[in-house]
2 protein chains.
Amino acid sequence: MPYRATERTEARRTATRERIVGAAHELVAGGGFGAASVAAVAARAGVATGSVYRHFSSKAELFAEVFRRAAQREVDAVAAAPDLATGVETFARRALAGRRLAWALLAEPVDPVVEAERLAFRRAYRDAFRRVVGDELTAAALVGAIGEVLVGPLSPTRPDLDEDALVADLVTLCKRLEA
Amino acid sequence: MPYRATERTEARRTATRERIVGAAHELVAGGGFGAASVAAVAARAGVATGSVYRHFSSKAELFAEVFRRAAQREVDAVAAAPDLATGVETFARRALAGRRLAWALLAEPVDPVVEAERLAFRRAYRDAFRRVVGDELTAAALVGAIGEVLVGPLSPTRPDLDEDALVADLVTLCKRLEA
DNA sequence: CGAAGAGGTGAATCATGATTCACTTCTTGG
DNA sequence: CCAAGAAGTGAATCATGATTCACCTCTTCG
């Protein structure tokens with residue numbers, strides 16, 4: 001039995017895989033899923049395009065994982081908030097700090113396989129909000145309202161945007177939703 | 001000078017153009033912009049694919065027009081509402097009656113040229129709501145909240161959905177946003 | 001070292017769908 | 001009817017980008 005996977009080769013394999021996921025994440029955060037072609041991901045990760053397929057059976061599978069990880073990070077941050085105002089502020093601050101990523105997670109059109117992850121993501125977000133607000137519908141409205149205000153008309157970069165004021169207004173607005 | 005456009009040929013030309021726009025609209029209303037290929041539009045309109053290009057210089061231009069018309073119809077309906085509750089109800093009823101179309105107008109990823117129309121569309125919607133509610137931000141939140149509740153998690157067809165109850169809840173929710 | 005299995009490569013191939021274009025078919029007015 | 005200017009046609013062409021694959025190189029262990 002000439003070859004057997006060893007700890008070191010296993011680690012190397014995992015490292016390459018992580019490098020690919022990381023490169024994909026950076027591209028998504030920089031220009032959305034649309035800017036992340038397999039060729040671009042491979043180039044950024046420093047591997048050949050074919051190598052990506054040694055770790056993921058398809059582009060959709062790779063990006064589903066990228067989406068899942070990024071979304072989980074966001075949801076965790078909001079879920080850790082003790083009250084509505086803090087949750088809203090966390091959501092907003094993080095989204096404004098990475099608008100492209102927020103847009104990719106919330107609104108960008110994506111492959112059906114990735115879309116399935118988004119569904120789970122939205123549900124998780126609503127659940128996070130529902131723990132502090134009353135019902136499901138209010139939680140959904142919160143996610144929608146915050147999303148529209150943030151990644152909608154305001155998303156094209158405006159250097160003149162007063163983030164603090166926006167966040168404050170948004171929190172006020174969201175409090176009103178909390179019956 | 002052997003040939004000159006006449007009223008009749010002009011009318012025929014317009015009619016064909018309208019047929020193409022109509023076919024495109026139907027396809028979008030049935031399956032979103034993604035389901036509307038130039039070939040499919042041409043087939044439905046009863047013309048050859050090449051003929052579409054006699055009336056529109058590109059696919060994007062055709063769909064920008066489709067979007068603009070559909071969006072205007074929606075905005076007009078909401079703008080005619082005398083108060084917030086009526087406006088919200090109008091928005092919701094119409095969206096629920098044509099979920100695919102609502103999704104295409106509100107959230108589906110589209111060509112940049114069409115996206116520009118969407119930007120105008122959202123602004124118009126916010127303006128319509130702003131006339132009855134106080135400020136810009138509240139109006140944006142309304143559009144987002146309604147959109148999320150309607151075309152978000154609820155969009156996959158559910159025959160068991162109680163529309164009346166949903167609309168009633170939504171109106172209640174939106175009234176809270178109205179400071 | 002040598003065989004076997006695994007990872008890596010990147011040019012070639014495929015798939016999808018928009019766009020073009022050489023050609024045919026109307027329309028019109030002389 | 002004829003010439004000239006549209007409009008119509010749809011198969012061929014292009015563009016883009018994912019996926020494959022024949023061929024290397026590296027690791028492991030007898």
# chains A, B, ... in the order shown; residues from 1 in each chain; ligands from 1
>>> residues_around(residues="DC26 (chain C)", least_positions_apart="3", cutoff="12 Å", atoms="only C-alpha atoms (C1' of nucleotides)", output="number ranges by chain")
B: 3, 9; D: 5-8
>>> write_last_selection(atoms="C-alpha atoms (C1' of nucleotides)", output="CSV table (one decimal), in the first residue's frame")
chain,number,residue,atom,x,y,z
B,3,TYR,CA,-41.1,54.5,-51.0
B,9,THR,CA,-47.2,51.0,-42.3
D,5,DG,C1',-36.5,51.6,-49.2
D,6,DA,C1',-38.2,49.0,-45.1
D,7,DA,C1',-39.2,45.1,-42.4
D,8,DG,C1',-38.8,40.1,-41.6
>>> select_by_dssp(residues="region 127-169 of chain A", states="alpha helix (DSSP H)", output="PyMOL selection string")
chain A and resi 127-130+136-151+163-169
>>> interface_residues(of="chain A", to="chain C", cutoff="8 Å", atoms="only C-alpha atoms (C1' of nucleotides)", output="list of chain:residue names")
A:Met1, A:Pro2, A:Tyr3, A:Arg4, A:Val47, A:Ala48, A:Thr49, A:Gly50, A:Ser51, A:Arg54
>>> residues_around(residues="region 101-113 of chain A", least_positions_apart="6", cutoff="10 Å", atoms="only C-alpha atoms (C1' of nucleotides)", output="PyMOL selection string")
(chain A and resi 25-34+59-61+63-64+67-68+70-71+74+91-92+94-95+119+121-122+143-144+147-148+150-152+155) or (chain B and resi 106-110)
>>> interface_residues(of="chain D", to="chain A", cutoff="9 Å", atoms="only C-alpha atoms (C1' of nucleotides)", output="PyMOL selection string")
chain D and resi 17-20+27-30
>>> closest_residue(among="A:Arg100, A:Arg17, A:Arg130, A:Arg118", to="chain B", atoms="only C-alpha atoms")
A:Arg118
>>> atom_distance(atom1="CA of Ala23 (chain B)", atom2="CA of Val41 (chain B)")
5.7 Å
>>> residues_around(residues="Ala85 (chain B)", least_positions_apart="2", cutoff="9 Å", atoms="only C-alpha atoms (C1' of nucleotides)", output="list in words")
Ala81, Pro82, Asp83, Gly87, Val88, Glu89, Thr90, Val171, Thr172, Cys174 and Lys175 of chain B
>>> atom_distance(atom1="CA of Ala79 (chain A)", atom2="CA of Leu173 (chain B)")
22.6 Å
>>> atom_distance(atom1="CA of Ala116 (chain A)", atom2="CA of Glu65 (chain A)")
11.3 Å
>>> decode(residues="chain D", atoms="C-alpha atoms (C1' of nucleotides)", output="PDB file, in the first residue's frame")
ATOM      1  C1'  DC D   1     -44.705  46.726 -63.561  1.00  0.00           C
ATOM      2  C1'  DC D   2     -40.326  48.656 -61.591  1.00  0.00           C
ATOM      3  C1'  DA D   3     -36.956  50.515 -58.426  1.00  0.00           C
ATOM      4  C1'  DA D   4     -35.964  51.667 -53.779  1.00  0.00           C
ATOM      5  C1'  DG D   5     -36.490  51.589 -49.168  1.00  0.00           C
ATOM      6  C1'  DA D   6     -38.244  49.039 -45.061  1.00  0.00           C
ATOM      7  C1'  DA D   7     -39.238  45.068 -42.373  1.00  0.00           C
ATOM      8  C1'  DG D   8     -38.844  40.058 -41.584  1.00  0.00           C
ATOM      9  C1'  DT D   9     -36.267  35.772 -41.261  1.00  0.00           C
ATOM     10  C1'  DG D  10     -33.505  32.331 -38.822  1.00  0.00           C
ATOM     11  C1'  DA D  11     -29.269  29.960 -39.250  1.00  0.00           C
ATOM     12  C1'  DA D  12     -24.524  31.171 -38.279  1.00  0.00           C
ATOM     13  C1'  DT D  13     -21.480  33.548 -35.398  1.00  0.00           C
ATOM     14  C1'  DC D  14     -19.644  35.482 -31.033  1.00  0.00           C
ATOM     15  C1'  DA D  15     -18.890  36.091 -26.299  1.00  0.00           C
ATOM     16  C1'  DT D  16     -18.661  34.595 -21.827  1.00  0.00           C
ATOM     17  C1'  DG D  17     -17.598  31.551 -18.469  1.00  0.00           C
ATOM     18  C1'  DA D  18     -18.144  26.947 -16.376  1.00  0.00           C
ATOM     19  C1'  DT D  19     -16.380  22.364 -16.676  1.00  0.00           C
ATOM     20  C1'  DT D  20     -13.404  18.627 -18.310  1.00  0.00           C
ATOM     21  C1'  DC D  21      -9.317  15.971 -19.083  1.00  0.00           C
ATOM     22  C1'  DA D  22      -4.847  14.144 -20.593  1.00  0.00           C
ATOM     23  C1'  DC D  23      -0.720  14.930 -18.632  1.00  0.00           C
ATOM     24  C1'  DC D  24       2.556  16.285 -14.696  1.00  0.00           C
ATOM     25  C1'  DT D  25       4.453  16.395 -10.166  1.00  0.00           C
ATOM     26  C1'  DC D  26       4.511  15.230  -5.401  1.00  0.00           C
ATOM     27  C1'  DT D  27       4.011  11.861  -1.297  1.00  0.00           C
ATOM     28  C1'  DT D  28       4.059   7.711   0.878  1.00  0.00           C
ATOM     29  C1'  DC D  29       5.840   3.373   2.024  1.00  0.00           C
ATOM     30  C1'  DG D  30       7.534  -1.398   0.830  1.00  0.00           C
TER      31       DG D  30
END
